[in-house]
Amino acid sequence: MASLNKQQKRARRAKAKAKQINIHGRKPAALDNDELGHLAEPIPEYTLAMFSKMRDAEAVSRSEMLSVLLTNLAFIIVDHPELLDMENAEDEGMAATHLAADMLIDYRMWADGMDRDAAQAWLSEPQFIADFGTALDAYRESQEAPQEKTE
């Protein structure tokens, strides 16, 4: 589990990034960009699609939701590498983890209408941190398995 200092740094980065992309005031539920026209920047379609898949998967389990996040986020990063904040990360893996945390906060705000502080508190719960770690390990193992077959 990350230290309290690291968690606070991540929370500050997430908050700064949220301000940067102007997500304050997002409406929850299944709103699409037509319904979000009042925002300065609408939620990108690829993010809305991922959030919808995450909500469906979360109805099954949290681990399914996290699996959907990690799988979809990998494809989003390939298509939009500019989303990775390499200035505030030691490596690409850490930048991807920070992006995943940002997306989880955004998702919780979108899906449940939580405010940013409540979403960050949800992300900081010890059980959630453990579940995320387990999902990340499973995702990494699934990515290593195909490579081992080709070697």
# chains A, B, ... in the order shown; residues from 1 in each chain; ligands from 1

$ residues_around --residues "region 72-86 of chain A" --least-positions-apart "6" --cutoff "9 Å" --atoms "only C-alpha atoms" --output "list in words"
Tyr46, Thr47, Met50, Glu92, Met94, Ala95, Ala96, His98, Leu99, Ala100 and Met103 of chain A

$ closest_residue --among "A:Ile105, A:Leu123, A:Leu66, A:Ala111" --to "Phe51 (chain A)" --atoms "only C-alpha atoms"
A:Ala111

$ closest_residue --among "A:Glu64, A:Asp106, A:Glu45, A:Asp115" --to "Phe132 (chain A)" --atoms "only C-alpha atoms"
A:Glu64

$ closest_residue --among "A:Tyr139, A:Phe128, A:Tyr107, A:Trp122" --to "Leu70 (chain A)" --atoms "only C-alpha atoms"
A:Tyr139

$ closest_residue --among "A:Pro44, A:Met114, A:Ser67, A:Arg108" --to "Thr134 (chain A)" --atoms "only C-alpha atoms"
A:Ser67

$ closest_residue --among "A:Glu90, A:Glu144, A:Asp137, A:Asp102" --to "Ser63 (chain A)" --atoms "only C-alpha atoms"
A:Asp137

$ atom_distance --atom1 "CA of Ala49 (chain A)" --atom2 "CA of Asp112 (chain A)"
16.2 Å

$ decode --residues "region 93-107 of chain A" --atoms "N, CA and C atoms" --output "compact mmCIF listing (two decimals), in the first residue's frame"
# COMPACT_ATOMS: atom_id res chain seq x y z
N GLY A 93 4.81 3.36 -16.42
CA GLY A 93 3.91 2.56 -15.59
C GLY A 93 3.28 3.38 -14.48
N MET A 94 4.10 4.21 -13.85
CA MET A 94 3.58 5.07 -12.78
C MET A 94 2.61 6.11 -13.36
N ALA A 95 2.95 6.66 -14.51
CA ALA A 95 2.06 7.63 -15.15
C ALA A 95 0.72 6.98 -15.50
N ALA A 96 0.76 5.73 -15.96
CA ALA A 96 -0.47 5.01 -16.29
C ALA A 96 -1.30 4.75 -15.03
N THR A 97 -0.62 4.43 -13.93
CA THR A 97 -1.32 4.21 -12.67
C THR A 97 -1.98 5.49 -12.19
N HIS A 98 -1.29 6.61 -12.33
CA HIS A 98 -1.88 7.91 -11.95
C HIS A 98 -3.10 8.21 -12.83
N LEU A 99 -2.99 7.93 -14.13
CA LEU A 99 -4.12 8.14 -15.03
C LEU A 99 -5.29 7.25 -14.64
N ALA A 100 -5.01 6.01 -14.27
CA ALA A 100 -6.07 5.10 -13.83
C ALA A 100 -6.77 5.65 -12.59
N ALA A 101 -6.00 6.18 -11.66
CA ALA A 101 -6.59 6.77 -10.45
C ALA A 101 -7.45 7.97 -10.81
N ASP A 102 -6.96 8.80 -11.72
CA ASP A 102 -7.75 9.96 -12.16
C ASP A 102 -9.05 9.50 -12.81
N MET A 103 -8.95 8.48 -13.65
CA MET A 103 -10.16 7.98 -14.33
C MET A 103 -11.14 7.36 -13.34
N LEU A 104 -10.62 6.70 -12.32
CA LEU A 104 -11.51 6.12 -11.31
C LEU A 104 -12.26 7.21 -10.54
N ILE A 105 -11.57 8.29 -10.22
CA ILE A 105 -12.24 9.40 -9.54
C ILE A 105 -13.30 10.00 -10.46
N ASP A 106 -12.92 10.22 -11.72
CA ASP A 106 -13.88 10.77 -12.69
C ASP A 106 -15.07 9.82 -12.86
N TYR A 107 -14.78 8.53 -12.91
CA TYR A 107 -15.85 7.54 -13.07
C TYR A 107 -16.84 7.60 -11.90
